[in-house]
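Chemist: Following this line is query-v5.csv, made up of CSV, C-alpha atoms:
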```csv
chain,number,residue,atom,x,y,z
A,1,MET,CA,14.7,-40.5,45.7
A,2,LYS,CA,14.6,-39.3,49.3
A,3,LEU,CA,11.4,-41.0,50.4
A,4,PHE,CA,12.6,-42.0,53.8
A,5,ASN,CA,15.5,-39.6,54.2
A,6,THR,CA,14.3,-37.1,56.7
A,7,LYS,CA,16.7,-34.7,58.3
A,8,ARG,CA,17.6,-35.7,61.8
A,9,ALA,CA,20.2,-34.7,64.4
A,10,ALA,CA,23.5,-36.5,64.4
A,11,MET,CA,23.0,-40.1,65.4
A,12,ASP,CA,25.3,-42.6,67.1
A,13,GLU,CA,26.5,-44.8,64.1
A,14,ARG,CA,26.2,-48.0,66.3
A,15,ILE,CA,22.6,-47.2,67.0
A,16,VAL,CA,22.0,-46.6,63.3
A,17,HIS,CA,23.7,-49.9,62.3
A,18,THR,CA,21.8,-51.9,65.0
A,19,ARG,CA,18.5,-50.3,64.0
A,20,ASN,CA,19.2,-51.1,60.3
A,21,MET,CA,19.9,-54.7,61.3
A,22,LEU,CA,16.5,-54.8,63.2
A,23,TYR,CA,14.7,-53.3,60.2
A,24,LYS,CA,16.2,-56.1,58.1
A,25,GLU,CA,15.1,-58.7,60.6
A,26,ALA,CA,11.6,-57.1,60.8
A,27,TYR,CA,11.4,-57.2,56.9
A,28,ILE,CA,12.3,-60.9,56.9
A,29,VAL,CA,9.7,-61.6,59.6
A,30,ALA,CA,7.0,-59.7,57.5
A,31,ILE,CA,7.9,-61.7,54.4
A,32,LEU,CA,7.8,-65.0,56.3
A,33,LEU,CA,4.4,-64.0,57.8
A,34,CYS,CA,3.1,-63.1,54.3
A,35,SER,CA,4.4,-66.4,52.8
A,36,ILE,CA,2.8,-68.4,55.7
A,37,SER,CA,-0.5,-66.5,55.1
A,38,VAL,CA,-0.5,-67.2,51.4
A,39,VAL,CA,0.2,-71.0,52.0
A,40,THR,CA,-2.5,-71.1,54.7
A,41,LYS,CA,-5.1,-69.4,52.5
A,42,CYS,CA,-4.2,-71.7,49.6
A,43,ILE,CA,-4.8,-74.7,51.8
A,44,ILE,CA,-8.1,-73.3,53.2
A,45,TYR,CA,-9.6,-71.6,50.2
A,46,GLY,CA,-7.8,-73.5,47.4
A,47,LEU,CA,-5.7,-71.9,44.6
A,48,ASN,CA,-7.5,-68.5,44.6
A,49,ILE,CA,-5.2,-65.6,44.0
A,50,GLY,CA,-7.9,-63.1,45.0
A,51,SER,CA,-7.9,-64.3,48.6
A,52,ALA,CA,-4.2,-63.7,49.0
A,53,ILE,CA,-3.9,-60.6,46.9
A,54,THR,CA,-2.7,-58.3,49.8
A,55,GLU,CA,0.1,-60.7,50.8
A,56,LEU,CA,1.2,-61.3,47.2
A,57,SER,CA,1.2,-57.5,46.6
A,58,ILE,CA,3.4,-57.0,49.7
A,59,LEU,CA,5.8,-59.7,48.5
A,60,PHE,CA,5.9,-58.4,45.0
A,61,LEU,CA,6.0,-54.7,45.6
A,62,THR,CA,8.7,-54.8,48.3
A,63,ALA,CA,10.9,-57.0,46.0
A,64,LEU,CA,10.3,-54.6,43.1
A,65,TYR,CA,11.1,-51.6,45.3
A,66,TYR,CA,14.4,-53.2,46.4
A,67,GLY,CA,15.3,-54.1,42.9
A,68,ILE,CA,14.6,-50.7,41.5
A,69,ARG,CA,16.5,-48.9,44.3
A,70,ALA,CA,19.4,-51.3,44.0
A,71,VAL,CA,19.7,-50.5,40.3
A,72,PHE,CA,19.3,-46.7,40.6
A,73,LEU,CA,21.8,-46.6,43.4
A,74,GLY,CA,24.3,-48.6,41.4
A,75,LEU,CA,24.3,-51.4,43.9
A,76,TYR,CA,23.1,-54.1,41.6
A,77,SER,CA,26.2,-54.1,39.3
A,78,ASP,CA,28.4,-54.0,42.4
A,79,GLU,CA,26.6,-57.0,43.9
A,80,VAL,CA,27.0,-58.9,40.6
A,81,GLU,CA,30.7,-58.0,40.4
A,82,VAL,CA,31.4,-59.2,44.0
A,83,HIS,CA,29.2,-62.3,43.5
A,84,ASP,CA,31.0,-63.3,40.2
A,85,ARG,CA,34.4,-62.8,41.9
A,86,THR,CA,33.6,-65.1,44.8
A,87,SER,CA,31.2,-67.6,43.4
A,88,LYS,CA,31.9,-70.5,41.1
A,89,LEU,CA,28.7,-69.9,39.1
A,90,SER,CA,28.3,-66.5,37.6
A,91,MET,CA,25.1,-64.5,38.2
A,92,ASN,CA,24.2,-65.1,34.6
A,93,LYS,CA,24.4,-68.8,34.9
A,94,LYS,CA,22.5,-68.7,38.3
A,95,ASN,CA,19.7,-66.8,36.6
A,96,MET,CA,19.5,-69.4,33.9
A,97,ILE,CA,19.4,-72.2,36.5
A,98,TRP,CA,16.6,-70.3,38.3
A,99,GLY,CA,14.7,-69.9,35.0
A,100,LEU,CA,15.1,-73.6,34.4
A,101,GLY,CA,13.9,-74.4,38.0
A,102,PHE,CA,10.8,-72.1,37.6
A,103,GLY,CA,10.0,-73.7,34.3
A,104,VAL,CA,10.3,-77.3,35.7
A,105,VAL,CA,8.2,-76.4,38.8
A,106,MET,CA,5.5,-74.8,36.6
A,107,ALA,CA,5.5,-77.7,34.2
A,108,THR,CA,5.3,-80.2,37.0
A,109,PHE,CA,2.4,-78.3,38.6
A,110,PHE,CA,0.4,-78.1,35.4
A,111,GLY,CA,1.2,-81.7,34.5
A,112,ILE,CA,0.0,-83.0,37.9
A,113,LYS,CA,-3.1,-80.7,37.7
A,114,SER,CA,-4.0,-82.1,34.3
A,115,ALA,CA,-3.4,-85.6,35.3
A,116,LEU,CA,-5.6,-85.3,38.4
A,117,MET,CA,-8.4,-83.3,36.7
A,118,TYR,CA,-8.8,-84.9,33.3
A,119,GLY,CA,-7.0,-88.3,33.5
A,120,GLU,CA,-9.2,-91.4,33.9
A,121,GLY,CA,-7.2,-94.4,35.0
A,122,ASN,CA,-3.4,-94.6,35.5
A,123,ALA,CA,-2.4,-94.9,31.9
A,124,GLN,CA,-4.4,-91.9,30.8
A,125,SER,CA,-3.3,-89.8,33.8
A,126,LEU,CA,0.3,-90.6,33.1
A,127,TRP,CA,-0.1,-89.7,29.4
A,128,TYR,CA,-1.8,-86.4,30.2
A,129,PHE,CA,1.0,-85.6,32.7
A,130,ILE,CA,3.7,-86.3,30.2
A,131,LEU,CA,1.9,-84.4,27.5
A,132,VAL,CA,1.2,-81.3,29.6
A,133,PHE,CA,4.6,-81.5,31.3
A,134,PHE,CA,6.6,-81.4,28.1
A,135,ALA,CA,4.4,-78.8,26.5
A,136,SER,CA,4.7,-76.6,29.6
A,137,LEU,CA,8.5,-77.1,29.6
A,138,MET,CA,8.7,-75.9,26.1
A,139,ILE,CA,6.7,-72.8,26.9
A,140,TYR,CA,7.9,-71.9,30.4
A,141,ILE,CA,11.6,-72.6,30.3
A,142,PRO,CA,12.4,-70.2,27.4
A,143,PHE,CA,9.9,-67.7,29.0
A,144,PHE,CA,11.5,-67.7,32.5
A,145,VAL,CA,15.1,-68.0,31.3
A,146,GLY,CA,14.5,-65.2,28.8
A,147,ILE,CA,12.7,-62.9,31.3
A,148,LEU,CA,15.4,-63.4,33.9
A,149,ALA,CA,18.3,-63.0,31.4
A,150,ILE,CA,16.8,-59.8,29.9
A,151,LEU,CA,15.9,-58.3,33.3
A,152,HIS,CA,19.4,-59.1,34.6
A,153,ALA,CA,21.1,-57.6,31.5
A,154,LEU,CA,19.0,-54.4,31.7
A,155,ALA,CA,19.4,-54.0,35.4
A,156,TYR,CA,23.1,-54.5,35.2
A,157,LYS,CA,23.5,-52.1,32.4
A,158,ALA,CA,21.5,-49.4,34.1
A,159,SER,CA,23.2,-49.9,37.5
A,160,LYS,CA,26.7,-49.8,35.8
A,161,LYS,CA,25.8,-46.6,34.1
A,162,VAL,CA,24.8,-45.0,37.5
A,163,ILE,CA,27.9,-46.1,39.3
A,164,ASP,CA,30.2,-45.1,36.4
A,165,LYS,CA,28.6,-41.6,36.4
A,166,ASP,CA,29.2,-41.4,40.2
A,167,LEU,CA,32.8,-42.4,39.8
A,168,ASP,CA,33.3,-39.9,37.0
A,169,GLU,CA,32.2,-37.0,39.2
B,1,MET,CA,40.0,-58.1,70.9
B,2,LYS,CA,40.0,-55.4,73.6
B,3,ASN,CA,41.4,-52.0,72.6
B,4,MET,CA,43.5,-51.2,75.7
B,5,ARG,CA,45.3,-48.4,73.9
B,6,LEU,CA,42.1,-46.5,73.5
B,7,LYS,CA,41.2,-47.0,77.2
B,8,LEU,CA,44.7,-45.9,78.3
B,9,ALA,CA,44.6,-42.8,76.0
B,10,ARG,CA,41.2,-41.9,77.4
B,11,VAL,CA,42.4,-42.3,81.0
B,12,GLU,CA,45.6,-40.3,80.2
B,13,LYS,CA,43.3,-37.5,79.1
B,14,ASP,CA,41.3,-37.9,82.3
B,15,LEU,CA,38.1,-38.5,80.5
B,16,SER,CA,35.3,-40.9,81.4
B,17,GLN,CA,33.6,-43.0,78.7
B,18,GLU,CA,30.6,-40.6,79.0
B,19,GLU,CA,32.7,-37.5,78.5
B,20,LEU,CA,34.5,-39.0,75.4
B,21,ALA,CA,31.2,-40.1,74.1
B,22,GLN,CA,29.9,-36.6,74.3
B,23,LEU,CA,32.9,-35.2,72.6
B,24,VAL,CA,32.6,-37.4,69.6
B,25,GLY,CA,28.8,-37.5,69.5
B,26,VAL,CA,28.0,-41.1,70.3
B,27,SER,CA,26.6,-43.0,73.3
B,28,ARG,CA,28.6,-44.1,76.3
B,29,GLN,CA,27.8,-47.7,75.4
B,30,THR,CA,29.4,-47.3,72.0
B,31,ILE,CA,32.7,-46.2,73.5
B,32,GLY,CA,32.5,-49.1,76.0
B,33,LEU,CA,31.9,-51.6,73.1
B,34,ILE,CA,34.8,-50.1,71.1
B,35,GLU,CA,37.1,-50.5,74.1
B,36,LEU,CA,35.9,-54.1,74.6
B,37,GLY,CA,36.5,-54.8,70.9
B,38,LYS,CA,32.8,-55.7,70.4
B,39,TYR,CA,32.1,-52.9,67.9
B,40,ASN,CA,34.1,-51.9,64.8
B,41,PRO,CA,33.8,-48.1,64.5
B,42,SER,CA,33.7,-46.4,61.1
B,43,LEU,CA,36.7,-44.5,59.9
B,44,SER,CA,35.0,-41.1,60.6
B,45,LEU,CA,34.3,-42.2,64.2
B,46,CYS,CA,37.9,-43.4,64.6
B,47,VAL,CA,39.2,-40.0,63.4
B,48,ALA,CA,36.8,-38.2,65.8
B,49,ILE,CA,38.1,-40.3,68.7
B,50,CYS,CA,41.7,-39.7,67.7
B,51,LYS,CA,41.2,-36.0,67.5
B,52,ALA,CA,39.4,-35.9,70.9
B,53,LEU,CA,42.3,-37.8,72.5
B,54,SER,CA,45.1,-36.0,70.5
B,55,LYS,CA,46.3,-39.3,69.1
B,56,THR,CA,46.8,-40.7,65.6
B,57,LEU,CA,44.9,-43.6,64.0
B,58,ASN,CA,48.1,-45.6,64.3
B,59,ASP,CA,48.4,-45.0,68.0
B,60,LEU,CA,44.9,-46.2,68.7
B,61,PHE,CA,43.6,-48.5,66.0
B,62,TRP,CA,46.5,-50.0,64.1
B,63,ASP,CA,47.2,-53.6,65.2
B,64,GLU,CA,50.8,-54.5,64.3
B,65,ASN,CA,50.1,-58.2,64.9
B,66,ALA,CA,47.1,-58.4,62.6
```
Can the structure in the file be given as structure tokens, please?
Modeler:
Amino acid sequence: MKLFNTKRAAMDERIVHTRNMLYKEAYIVAILLCSISVVTKCIIYGLNIGSAITELSILFLTALYYGIRAVFLGLYSDEVEVHDRTSKLSMNKKNMIWGLGFGVVMATFFGIKSALMYGEGNAQSLWYFILVFFASLMIYIPFFVGILAILHALAYKASKKVIDKDLDE
Amino acid sequence: MKNMRLKLARVEKDLSQEELAQLVGVSRQTIGLIELGKYNPSLSLCVAICKALSKTLNDLFWDENA
């Protein structure tokens, strides 16, 4: 895919590197601004996805674009290989921990929401929290761990295939 | 770390930073930063500089003490 690969005259590599660094910084600034905007809208308008759909789309689509490009350029498997060589926790284990984390955060969120919305008195609120928290844990932990593990395995396999093909040529 | 060997080779050839920059297709600032050791050039730029100054990679970029 050569979406942004326009033909240009020879460029000074230092300018190219520095410009790439600035693009990276600009991307981080854009992501931060989107995140701040989402949080601000949640505080002002409450939990309404519709009000922050543009920012959420930017966050999701840019991440998706990077992920897909990294896989089809064979970068993902290289990143995993280097990561696993230098880190104590393998990428697989990290994904599982992230899945657990997401599951716990979602379960806590729904637990608190149920306790606040439907609980009457401390004992009932606590009971609703525990009930919804553990029910959500059972649903969301396997879901997130599974999704992350499957996506990781598929992305790694596809990326490895691309890079192996490049090395064969 | 400053690259004095590059600077000496350039002066030996009687080239200014601007002229060397034009020969290898980069800006004068890039050559200045390479000589000051503040920018690590790619291998292809190193080779271009070596060819422009009639030197080898060893002569200009290999650090025996590193």
Chemist: As a ChimeraX atom specification, please: the residues near Leu57 in chain B (cut-off 8 Å, all atoms listed in the file, same-chain neighbours under 3 positions excluded).
Modeler: /B:46-47,50,60-62
Chemist: Export, as an mmCIF file, keeping the file's coordinate frame, the selected residues with C-alpha atoms.
Modeler:
```
data_model
loop_
_atom_site.group_PDB
_atom_site.id
_atom_site.type_symbol
_atom_site.label_atom_id
_atom_site.label_comp_id
_atom_site.auth_asym_id
_atom_site.auth_seq_id
_atom_site.Cartn_x
_atom_site.Cartn_y
_atom_site.Cartn_z
ATOM 1 C CA CYS B 46 37.900 -43.400 64.600
ATOM 2 C CA VAL B 47 39.200 -40.000 63.400
ATOM 3 C CA CYS B 50 41.700 -39.700 67.700
ATOM 4 C CA LEU B 60 44.900 -46.200 68.700
ATOM 5 C CA PHE B 61 43.600 -48.500 66.000
ATOM 6 C CA TRP B 62 46.500 -50.000 64.100
#
```
Chemist: Using only C-alpha atoms, select each residue of chain B with any atom at most 12 Å away from an atom of chain A, and give the selection as a PyMOL selection string.
Modeler: chain B and resi 21-34+38-46
Chemist: Do you know which residues are at most 8 Å from range 91-93 of chain A counting only C-alpha atoms, after dropping those on the same chain fewer than 4 positions away, and could you put them as a PyMOL selection string?
Modeler: chain A and resi 80+83-84+97+149+152
Chemist: Go ahead and save the picked residues with C-alpha atoms, as a short mmCIF file (atom, residue, chain, number, x, y, z; two decimals), in the frame of the given file.
Modeler:
```cif
data_model
loop_
_atom_site.label_atom_id
_atom_site.label_comp_id
_atom_site.auth_asym_id
_atom_site.auth_seq_id
_atom_site.Cartn_x
_atom_site.Cartn_y
_atom_site.Cartn_z
CA VAL A 80 27.00 -58.90 40.60
CA HIS A 83 29.20 -62.30 43.50
CA ASP A 84 31.00 -63.30 40.20
CA ILE A 97 19.40 -72.20 36.50
CA ALA A 149 18.30 -63.00 31.40
CA HIS A 152 19.40 -59.10 34.60
#
```
Chemist: Could you name the residues that touch range 74-78 of chain A at 9 Å or less, counting all atoms listed in the file, but leaving out those on the same chain fewer than 3 positions away, as a list in words?
Modeler: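 Final neighbour list, sorted by chain and number: Gly67, Arg69, Ala70, Val71, Glu81, Val82, His83, Ala155, Tyr156, Lys157, Ala158, Ser159, Lys160, Lys161, Val162, Ile163, Asp164 and Asp166 of chain A.
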Chemist: Restricting it to C-alpha atoms, dump the selection as a tab-separated table (two decimals), keeping the file's coordinate frame.
Modeler:
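This is the output file again_38.tsv:
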```tsv
chain	number	residue	atom	x	y	z
A	67	GLY	CA	15.30	-54.10	42.90
A	69	ARG	CA	16.50	-48.90	44.30
A	70	ALA	CA	19.40	-51.30	44.00
A	71	VAL	CA	19.70	-50.50	40.30
A	81	GLU	CA	30.70	-58.00	40.40
A	82	VAL	CA	31.40	-59.20	44.00
A	83	HIS	CA	29.20	-62.30	43.50
A	155	ALA	CA	19.40	-54.00	35.40
A	156	TYR	CA	23.10	-54.50	35.20
A	157	LYS	CA	23.50	-52.10	32.40
A	158	ALA	CA	21.50	-49.40	34.10
A	159	SER	CA	23.20	-49.90	37.50
A	160	LYS	CA	26.70	-49.80	35.80
A	161	LYS	CA	25.80	-46.60	34.10
A	162	VAL	CA	24.80	-45.00	37.50
A	163	ILE	CA	27.90	-46.10	39.30
A	164	ASP	CA	30.20	-45.10	36.40
A	166	ASP	CA	29.20	-41.40	40.20
```
Chemist: What does the distance between CA of Asn48 in chain A and CA of Tyr65 in chain A come to in Å, to one decimal place?
Modeler: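 Calculated distance between CA of Asn48 in chain A and CA of Tyr65 in chain A is 25.1 Å.
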Chemist: In Å, how far is it from CA of Ala63 in chain A to CA of Leu137 in chain A?
Modeler: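 For CA of Ala63 in chain A relative to CA of Leu137 in chain A, the distance reads 26.1 Å.
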Chemist: May I ask for the distance between CA of Ala9 in chain B and CA of Ala48 in chain B, given in Å to one decimal place?
Modeler: 13.6 Å
Chemist: Ranking A:Leu56, A:Leu167, A:Ala123, A:Ala107 by minimum distance to Ser35 in chain A and counting only C-alpha atoms, which one comes first?
Modeler: A:Leu56
Chemist: Of the candidates B:Leu36, B:Val11, B:Leu6, B:Met1, which one gets nearest to Asp59 in chain B if we count all atoms listed in the file?
Modeler: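 Of B:Leu36, B:Val11, B:Leu6, B:Met1, the one nearest Asp59 in chain B is B:Leu6, counting all atoms listed in the file.
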Chemist: At a cut-off of 8 Å, using only C-alpha atoms, what residues contact Leu148 in chain A? Leave out same-chain residues fewer than 4 positions from it and give the result as a PyMOL selection string.
Modeler: chain A and resi 95-96+99+144+152
Chemist: Counting all atoms listed in the file, which of B:Asp63, B:Gly37, B:Leu8, B:Leu53 gets nearest to Leu20 in chain B?
Modeler: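 Looking only at the distances to Leu20 in chain B, the closest residue turns out to be B:Leu53.
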Chemist: What's the 10 Å shell around Phe109 in chain A, counting only C-alpha atoms, without same-chain residues fewer than 5 positions away, as number ranges by chain?
Modeler: A: 103-104, 114-115, 129, 132-133, 136
